[in-house]
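Q: I'd like to ask some things about the structure below.
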Amino acid sequence: MTPEELRQEWPKIEPHLRVGDIILTHSRRKMDFIPRIIQHLTDSHWSHSALVFAAGDMLPLGGTIIAEAMSPTGVRVHNIKRYSDHPDDFDLGVIRHRKMAEEHRTDFVRDFMASKIDTPYDTARVVDYGFALMARKWFGVEKKITEIDPNRFHCSTFSHRAIHSHDVEAHPNEHAFGPADLVRGGEFEWVFNRQP
Amino acid sequence: MKGYSCKEHGLPKLAPADVVLIRHRKNLFRYCLRKFLGADWDHAALVVFPRQEDGSVEHTIIAEAINERLSRTERDTVTLHRLDKYLSHPERYDVGVRRVVTLNDEERFRVVYYMIANVDAPYWGWNKPMVVIALFSNRVRRWLLGRQRFSCSSLIQKAFYDAVSRNDRKKIVFKQDTVTPLILQELTSPGDLARTERMEWILDPNMV
């Protein structure tokens, strides 16, 4: 979506966001190398994901608060305006879990997000994931990715584990998670700005 | 005043909208700020998600207005953190907790919602050189106390002010001798939150 389209369309969708919706971001900034590498390696438009932490249920005057795992700060909470007010710098998409009950969003997902605030960023796994993607894309070799550290997150493992916070067992897809895997997994439906 | 080595499991049960007071130890500017305020406390935060025994919320989360560098280009403003951030370092921080016991549950949640709605709001810094000068001049001190905003505590005062109905506002006025709502909401300091009779101590390290 072009910046102009985003400026016009985003205010229409934001009031309809719900806790647990996943916000996907695409960086348009020329100097943002890491997002570009992620987009290239994953063959995806998207390079980062965040979760809606508070929306109309908590914020009667409007606005949206998101929770995200970012380097170097780890899991933090921010206002979505850090992205939505800068359509020249970021494209945004929204996906929603197809089957999540409304009470799960607040009872489980938000409690999970709140519990994980200040959890460190999983830099080691992101680097390892990056090498694995390079090995697959450039050499056709499957490289084993290190096991997940349950005490650290990167953006997509945070999103994924929050959505599945009511599942006690480990989810089998979790060992290969990037924003593109969220999009292609089939669990989510597009709410806004469908892109591969 | 002695610190105590106590993480969350030793704390009394906290509630949403409990006010957390912090005293920075071994910090010259914070010492000057306390002297300027005539108070034992130099920072304030608010409990938004208390830890739950069933494990659904593993850590107490507080909302606070701070001015902390996150990265080369980014600074924290109003944000959420674990209370453990302060509890885990008793050598650096003393922590106290106060509660407005006259609030009902709905009012407490409105206070919490107000804080969350203000995540990423700007931080209004305090004038450090003037605070130091004010230590040596009562005239400067009085002048500065009449106009210095304290982001951390004034945001908490605003949250309470917004949460209760007009008729109940007297129960959440934390600053003495205020003339207007603007002065109340902008100039309430951590010392005001510590001194007010509108709150009860839930955890007072002076009593440890």
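Naming scheme: A, B, ... for chains in displayed order of the structure tokens; residues 1 onward per chain; ligands 1 onward as shown.
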Sorted by chain and rising residue number, which residues of chain A lie within 7 Å of chain B, and what are their closest atom pairs and distances in Å to one decimal, counting only C-alpha atoms, as JSON lines?
A:
{"residue": "A:Met58", "atom": "CA", "partner": "B:Tyr113", "partner_atom": "CA", "distance": 5.7}
{"residue": "A:Leu59", "atom": "CA", "partner": "B:Ala117", "partner_atom": "CA", "distance": 6.1}
{"residue": "A:Thr73", "atom": "CA", "partner": "B:Leu70", "partner_atom": "CA", "distance": 6.6}
{"residue": "A:Val77", "atom": "CA", "partner": "B:Leu80", "partner_atom": "CA", "distance": 6.5}
{"residue": "A:His78", "atom": "CA", "partner": "B:Val119", "partner_atom": "CA", "distance": 6.1}
{"residue": "A:Asn79", "atom": "CA", "partner": "B:Asp120", "partner_atom": "CA", "distance": 6.0}
{"residue": "A:Asp111", "atom": "CA", "partner": "B:Val57", "partner_atom": "CA", "distance": 5.5}
{"residue": "A:Phe112", "atom": "CA", "partner": "B:Val57", "partner_atom": "CA", "distance": 6.7}
{"residue": "A:Ala114", "atom": "CA", "partner": "B:Val57", "partner_atom": "CA", "distance": 6.8}
{"residue": "A:Ser115", "atom": "CA", "partner": "B:Val57", "partner_atom": "CA", "distance": 5.0}
{"residue": "A:Ile117", "atom": "CA", "partner": "B:His81", "partner_atom": "CA", "distance": 6.3}
{"residue": "A:Asp118", "atom": "CA", "partner": "B:His81", "partner_atom": "CA", "distance": 6.3}
Q: Tell me, as a PyMOL selection string, which residues lie within 10 Å of range 91-100 of chain B, counting only C-alpha atoms; anything in the same chain fewer than 5 positions away does not count.
A: chain B and resi 1-6+11-12+14-27+40-41+43-47+83+85-86+108+160+171-172+193-194+196-206
Q: Return as a PyMOL selection string the full set of residues in range 44-130 of chain B whose backbone-based DSSP assignment is alpha helix (DSSP H).
A: chain B and resi 84-87+105-117+128-130
Q: Residues as selected, N, CA and C atoms, written as a PDB file, in the first residue's frame, can you do that?
A:
ATOM      1  N   ASP B  84       9.913  -5.532  39.322  1.00  0.00           N
ATOM      2  CA  ASP B  84      11.193  -6.163  39.629  1.00  0.00           C
ATOM      3  C   ASP B  84      12.388  -5.290  39.253  1.00  0.00           C
ATOM      4  N   LYS B  85      12.175  -4.419  38.297  1.00  0.00           N
ATOM      5  CA  LYS B  85      13.237  -3.498  37.879  1.00  0.00           C
ATOM      6  C   LYS B  85      13.819  -2.770  39.093  1.00  0.00           C
ATOM      7  N   TYR B  86      12.946  -2.428  40.038  1.00  0.00           N
ATOM      8  CA  TYR B  86      13.389  -1.735  41.246  1.00  0.00           C
ATOM      9  C   TYR B  86      13.620  -2.703  42.405  1.00  0.00           C
ATOM     10  N   LEU B  87      12.752  -3.708  42.525  1.00  0.00           N
ATOM     11  CA  LEU B  87      12.862  -4.627  43.662  1.00  0.00           C
ATOM     12  C   LEU B  87      14.139  -5.450  43.622  1.00  0.00           C
ATOM     13  N   ASP B 105     -13.594  -0.707  42.330  1.00  0.00           N
ATOM     14  CA  ASP B 105     -12.844  -1.428  41.285  1.00  0.00           C
ATOM     15  C   ASP B 105     -12.908  -0.711  39.947  1.00  0.00           C
ATOM     16  N   GLU B 106     -14.089  -0.178  39.634  1.00  0.00           N
ATOM     17  CA  GLU B 106     -14.224   0.496  38.335  1.00  0.00           C
ATOM     18  C   GLU B 106     -13.306   1.713  38.280  1.00  0.00           C
ATOM     19  N   GLU B 107     -13.227   2.448  39.347  1.00  0.00           N
ATOM     20  CA  GLU B 107     -12.359   3.635  39.361  1.00  0.00           C
ATOM     21  C   GLU B 107     -10.891   3.235  39.243  1.00  0.00           C
ATOM     22  N   ARG B 108     -10.529   2.146  39.905  1.00  0.00           N
ATOM     23  CA  ARG B 108      -9.157   1.660  39.780  1.00  0.00           C
ATOM     24  C   ARG B 108      -8.818   1.332  38.330  1.00  0.00           C
ATOM     25  N   PHE B 109      -9.719   0.666  37.663  1.00  0.00           N
ATOM     26  CA  PHE B 109      -9.425   0.292  36.276  1.00  0.00           C
ATOM     27  C   PHE B 109      -9.380   1.505  35.373  1.00  0.00           C
ATOM     28  N   ARG B 110     -10.166   2.511  35.682  1.00  0.00           N
ATOM     29  CA  ARG B 110     -10.098   3.753  34.876  1.00  0.00           C
ATOM     30  C   ARG B 110      -8.747   4.438  35.072  1.00  0.00           C
ATOM     31  N   VAL B 111      -8.223   4.384  36.282  1.00  0.00           N
ATOM     32  CA  VAL B 111      -6.880   4.943  36.516  1.00  0.00           C
ATOM     33  C   VAL B 111      -5.864   4.194  35.657  1.00  0.00           C
ATOM     34  N   VAL B 112      -5.978   2.868  35.658  1.00  0.00           N
ATOM     35  CA  VAL B 112      -5.052   2.036  34.871  1.00  0.00           C
ATOM     36  C   VAL B 112      -5.184   2.344  33.384  1.00  0.00           C
ATOM     37  N   TYR B 113      -6.416   2.443  32.913  1.00  0.00           N
ATOM     38  CA  TYR B 113      -6.639   2.712  31.485  1.00  0.00           C
ATOM     39  C   TYR B 113      -6.026   4.052  31.088  1.00  0.00           C
ATOM     40  N   TYR B 114      -6.142   5.025  31.977  1.00  0.00           N
ATOM     41  CA  TYR B 114      -5.581   6.346  31.668  1.00  0.00           C
ATOM     42  C   TYR B 114      -4.076   6.241  31.471  1.00  0.00           C
ATOM     43  N   MET B 115      -3.427   5.504  32.348  1.00  0.00           N
ATOM     44  CA  MET B 115      -1.961   5.370  32.238  1.00  0.00           C
ATOM     45  C   MET B 115      -1.600   4.649  30.938  1.00  0.00           C
ATOM     46  N   ILE B 116      -2.314   3.579  30.633  1.00  0.00           N
ATOM     47  CA  ILE B 116      -1.991   2.825  29.415  1.00  0.00           C
ATOM     48  C   ILE B 116      -2.257   3.670  28.179  1.00  0.00           C
ATOM     49  N   ALA B 117      -3.333   4.446  28.209  1.00  0.00           N
ATOM     50  CA  ALA B 117      -3.634   5.293  27.055  1.00  0.00           C
ATOM     51  C   ALA B 117      -2.542   6.332  26.821  1.00  0.00           C
ATOM     52  N   LYS B 128      17.415  20.564  36.178  1.00  0.00           N
ATOM     53  CA  LYS B 128      18.419  20.145  37.156  1.00  0.00           C
ATOM     54  C   LYS B 128      19.255  21.305  37.691  1.00  0.00           C
ATOM     55  N   PRO B 129      19.778  22.197  36.839  1.00  0.00           N
ATOM     56  CA  PRO B 129      20.573  23.300  37.412  1.00  0.00           C
ATOM     57  C   PRO B 129      19.761  24.143  38.390  1.00  0.00           C
ATOM     58  N   MET B 130      18.522  24.400  38.058  1.00  0.00           N
ATOM     59  CA  MET B 130      17.714  25.239  38.948  1.00  0.00           C
ATOM     60  C   MET B 130      17.400  24.513  40.248  1.00  0.00           C
TER      61      MET B 130
END
Q: My list of candidates is B:Ala163, B:Leu33, B:Ala39, B:Ile156. Which is closest to Gln185 in chain B when distances are computed with only C-alpha atoms?
A: B:Ile156
Q: Using only C-alpha atoms, which of A:Pro150, A:Gly74, A:Pro3, A:Gly93 sits nearest Asp21 in chain A?
A: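 Closest to Asp21 in chain A, using only C-alpha atoms: A:Gly93.
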Q: Can you list every residue in range 127-196 of chain A that DSSP puts in strand (DSSP E), as an mmCIF file with N, CA and C atoms, in the first residue's frame?
A:
data_model
loop_
_atom_site.group_PDB
_atom_site.id
_atom_site.type_symbol
_atom_site.label_atom_id
_atom_site.label_comp_id
_atom_site.auth_asym_id
_atom_site.auth_seq_id
_atom_site.Cartn_x
_atom_site.Cartn_y
_atom_site.Cartn_z
ATOM 1 N N PHE A 188 -4.405 -17.461 10.464
ATOM 2 C CA PHE A 188 -4.851 -16.074 10.538
ATOM 3 C C PHE A 188 -5.579 -15.667 9.267
ATOM 4 N N GLU A 189 -6.487 -14.740 9.429
ATOM 5 C CA GLU A 189 -7.143 -14.151 8.268
ATOM 6 C C GLU A 189 -6.724 -12.698 8.149
ATOM 7 N N TRP A 190 -6.739 -12.225 6.917
ATOM 8 C CA TRP A 190 -6.335 -10.842 6.679
ATOM 9 C C TRP A 190 -7.464 -9.901 7.065
ATOM 10 N N VAL A 191 -7.063 -8.859 7.798
ATOM 11 C CA VAL A 191 -7.995 -7.801 8.151
ATOM 12 C C VAL A 191 -7.700 -6.542 7.338
ATOM 13 N N PHE A 192 -6.409 -6.359 7.010
ATOM 14 C CA PHE A 192 -6.024 -5.113 6.344
ATOM 15 C C PHE A 192 -4.740 -5.316 5.564
#
Q: Would you work out the distance separating CA of Val109 in chain A from CA of Ile65 in chain A, expressed in Å to one decimal?
A: 13.9 Å
Q: At a cut-off of 12 Å, using only C-alpha atoms, what residues contact Glu4 in chain A? Leave out same-chain residues fewer than 2 positions from it and give the result as number ranges by chain.
A: A: 1-2, 6-10, 84-91
Q: So that I can check the surroundings of Asp149 in chain A, please list as an MDAnalysis selection string every protein, DNA and RNA residue that reaches within 12 Å of it, counting only C-alpha atoms and ignoring chain neighbours fewer than 6 positions away.
A: chainID A and resid 119:126 157:158 174:175
Q: Selection from above, all heavy atoms, as a JSON list (two decimals), in the first residue's frame, can you write it?
A:
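New file out-v9.json:
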[["chain", "number", "residue", "atom", "x", "y", "z"],
["A", 119, "THR", "N", 11.04, -8.84, 28.96],
["A", 119, "THR", "CA", 11.76, -10.05, 28.59],
["A", 119, "THR", "C", 12.80, -9.71, 27.53],
["A", 119, "THR", "O", 12.50, -8.98, 26.58],
["A", 119, "THR", "CB", 10.79, -11.10, 28.04],
["A", 119, "THR", "OG1", 9.81, -11.39, 29.02],
["A", 119, "THR", "CG2", 11.51, -12.39, 27.69],
["A", 120, "PRO", "N", 14.04, -10.21, 27.64],
["A", 120, "PRO", "CA", 15.08, -9.83, 26.68],
["A", 120, "PRO", "C", 14.79, -10.33, 25.27],
["A", 120, "PRO", "O", 14.05, -11.30, 25.06],
["A", 120, "PRO", "CB", 16.34, -10.53, 27.22],
["A", 120, "PRO", "CG", 16.04, -10.86, 28.63],
["A", 120, "PRO", "CD", 14.56, -11.06, 28.73],
["A", 121, "TYR", "N", 15.41, -9.67, 24.31],
["A", 121, "TYR", "CA", 15.30, -10.02, 22.90],
["A", 121, "TYR", "C", 16.18, -11.22, 22.58],
["A", 121, "TYR", "O", 17.30, -11.34, 23.10],
["A", 121, "TYR", "CB", 15.72, -8.83, 22.04],
["A", 121, "TYR", "CG", 15.44, -9.00, 20.57],
["A", 121, "TYR", "CD1", 14.15, -8.94, 20.08],
["A", 121, "TYR", "CD2", 16.48, -9.22, 19.67],
["A", 121, "TYR", "CE1", 13.88, -9.09, 18.72],
["A", 121, "TYR", "CE2", 16.23, -9.39, 18.31],
["A", 121, "TYR", "CZ", 14.93, -9.31, 17.85],
["A", 121, "TYR", "OH", 14.67, -9.47, 16.52],
["A", 122, "ASP", "N", 15.68, -12.10, 21.72],
["A", 122, "ASP", "CA", 16.40, -13.33, 21.39],
["A", 122, "ASP", "C", 17.30, -13.10, 20.17],
["A", 122, "ASP", "O", 17.06, -13.63, 19.09],
["A", 122, "ASP", "CB", 15.37, -14.44, 21.11],
["A", 122, "ASP", "CG", 15.99, -15.81, 21.21],
["A", 122, "ASP", "OD1", 17.22, -15.93, 21.35],
["A", 122, "ASP", "OD2", 15.23, -16.80, 21.11],
["A", 123, "THR", "N", 18.34, -12.32, 20.37],
["A", 123, "THR", "CA", 19.23, -11.97, 19.26],
["A", 123, "THR", "C", 19.89, -13.21, 18.67],
["A", 123, "THR", "O", 19.99, -13.36, 17.45],
["A", 123, "THR", "CB", 20.32, -10.99, 19.74],
["A", 123, "THR", "OG1", 19.71, -9.88, 20.37],
["A", 123, "THR", "CG2", 21.19, -10.51, 18.59],
["A", 124, "ALA", "N", 20.32, -14.11, 19.54],
["A", 124, "ALA", "CA", 21.05, -15.29, 19.06],
["A", 124, "ALA", "C", 20.18, -16.11, 18.11],
["A", 124, "ALA", "O", 20.64, -16.59, 17.07],
["A", 124, "ALA", "CB", 21.48, -16.15, 20.25],
["A", 125, "ARG", "N", 18.91, -16.22, 18.45],
["A", 125, "ARG", "CA", 18.05, -17.05, 17.60],
["A", 125, "ARG", "C", 17.75, -16.36, 16.27],
["A", 125, "ARG", "O", 17.66, -17.02, 15.25],
["A", 125, "ARG", "CB", 16.75, -17.38, 18.33],
["A", 125, "ARG", "CG", 15.96, -18.42, 17.59],
["A", 125, "ARG", "CD", 15.00, -19.17, 18.47],
["A", 125, "ARG", "NE", 14.51, -20.34, 17.79],
["A", 125, "ARG", "CZ", 13.55, -20.32, 16.87],
["A", 125, "ARG", "NH1", 12.97, -19.19, 16.54],
["A", 125, "ARG", "NH2", 13.17, -21.44, 16.28],
["A", 126, "VAL", "N", 17.62, -15.05, 16.32],
["A", 126, "VAL", "CA", 17.38, -14.32, 15.08],
["A", 126, "VAL", "C", 18.58, -14.47, 14.14],
["A", 126, "VAL", "O", 18.42, -14.69, 12.93],
["A", 126, "VAL", "CB", 17.10, -12.83, 15.38],
["A", 126, "VAL", "CG1", 17.10, -12.00, 14.11],
["A", 126, "VAL", "CG2", 15.76, -12.69, 16.08],
["A", 157, "THR", "N", 8.10, -14.94, 17.45],
["A", 157, "THR", "CA", 7.88, -15.93, 18.51],
["A", 157, "THR", "C", 7.04, -15.31, 19.62],
["A", 157, "THR", "O", 6.21, -15.99, 20.22],
["A", 157, "THR", "CB", 9.20, -16.48, 19.09],
["A", 157, "THR", "OG1", 10.03, -15.40, 19.50],
["A", 157, "THR", "CG2", 9.92, -17.35, 18.10],
["A", 158, "PHE", "N", 7.24, -14.02, 19.87],
["A", 158, "PHE", "CA", 6.41, -13.36, 20.88],
["A", 158, "PHE", "C", 4.95, -13.35, 20.43],
["A", 158, "PHE", "O", 4.05, -13.71, 21.20],
["A", 158, "PHE", "CB", 6.91, -11.92, 21.11],
["A", 158, "PHE", "CG", 6.06, -11.14, 22.06],
["A", 158, "PHE", "CD1", 5.99, -11.48, 23.40],
["A", 158, "PHE", "CD2", 5.33, -10.04, 21.63],
["A", 158, "PHE", "CE1", 5.20, -10.76, 24.28],
["A", 158, "PHE", "CE2", 4.55, -9.30, 22.50],
["A", 158, "PHE", "CZ", 4.47, -9.68, 23.83],
["A", 174, "GLU", "N", 6.61, -23.84, 15.95],
["A", 174, "GLU", "CA", 7.27, -22.69, 16.56],
["A", 174, "GLU", "C", 8.76, -22.60, 16.24],
["A", 174, "GLU", "O", 9.35, -21.55, 16.37],
["A", 174, "GLU", "CB", 7.06, -22.73, 18.06],
["A", 174, "GLU", "CG", 7.37, -21.42, 18.73],
["A", 174, "GLU", "CD", 7.00, -21.44, 20.20],
["A", 174, "GLU", "OE1", 5.87, -21.83, 20.50],
["A", 174, "GLU", "OE2", 7.85, -21.11, 21.02],
["A", 175, "HIS", "N", 9.38, -23.71, 15.79],
["A", 175, "HIS", "CA", 10.83, -23.68, 15.66],
["A", 175, "HIS", "C", 11.29, -22.94, 14.41],
["A", 175, "HIS", "O", 12.47, -22.78, 14.19],
["A", 175, "HIS", "CB", 11.41, -25.11, 15.66],
["A", 175, "HIS", "CG", 11.21, -25.84, 14.36],
["A", 175, "HIS", "ND1", 12.18, -25.89, 13.39],
["A", 175, "HIS", "CD2", 10.16, -26.52, 13.87],
["A", 175, "HIS", "CE1", 11.72, -26.58, 12.34],
["A", 175, "HIS", "NE2", 10.50, -26.98, 12.63]]
Q: Quick one, how far is CA of Phe150 in chain B from CA of Asp42 in chain B?
A: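 Rounded to one decimal, the two atoms are 9.7 Å apart.
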Q: Would you pick out the contacts of Ile163 in chain A at 12 Å or less, using only C-alpha atoms, so that residues sharing its chain but fewer than 3 positions from it are not included, and give the list as a ChimeraX atom specification?
A: /A:19-22,50-53,95-102,104-113,156-160,166-168,171,174,182,187-188
Q: Determine the nearest neighbour of Glu68 in chain A from the options A:Leu17, A:Ile23, A:Leu41, A:Ile148, counting only C-alpha atoms.
A: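 Closest to Glu68 in chain A, using only C-alpha atoms: A:Ile23.
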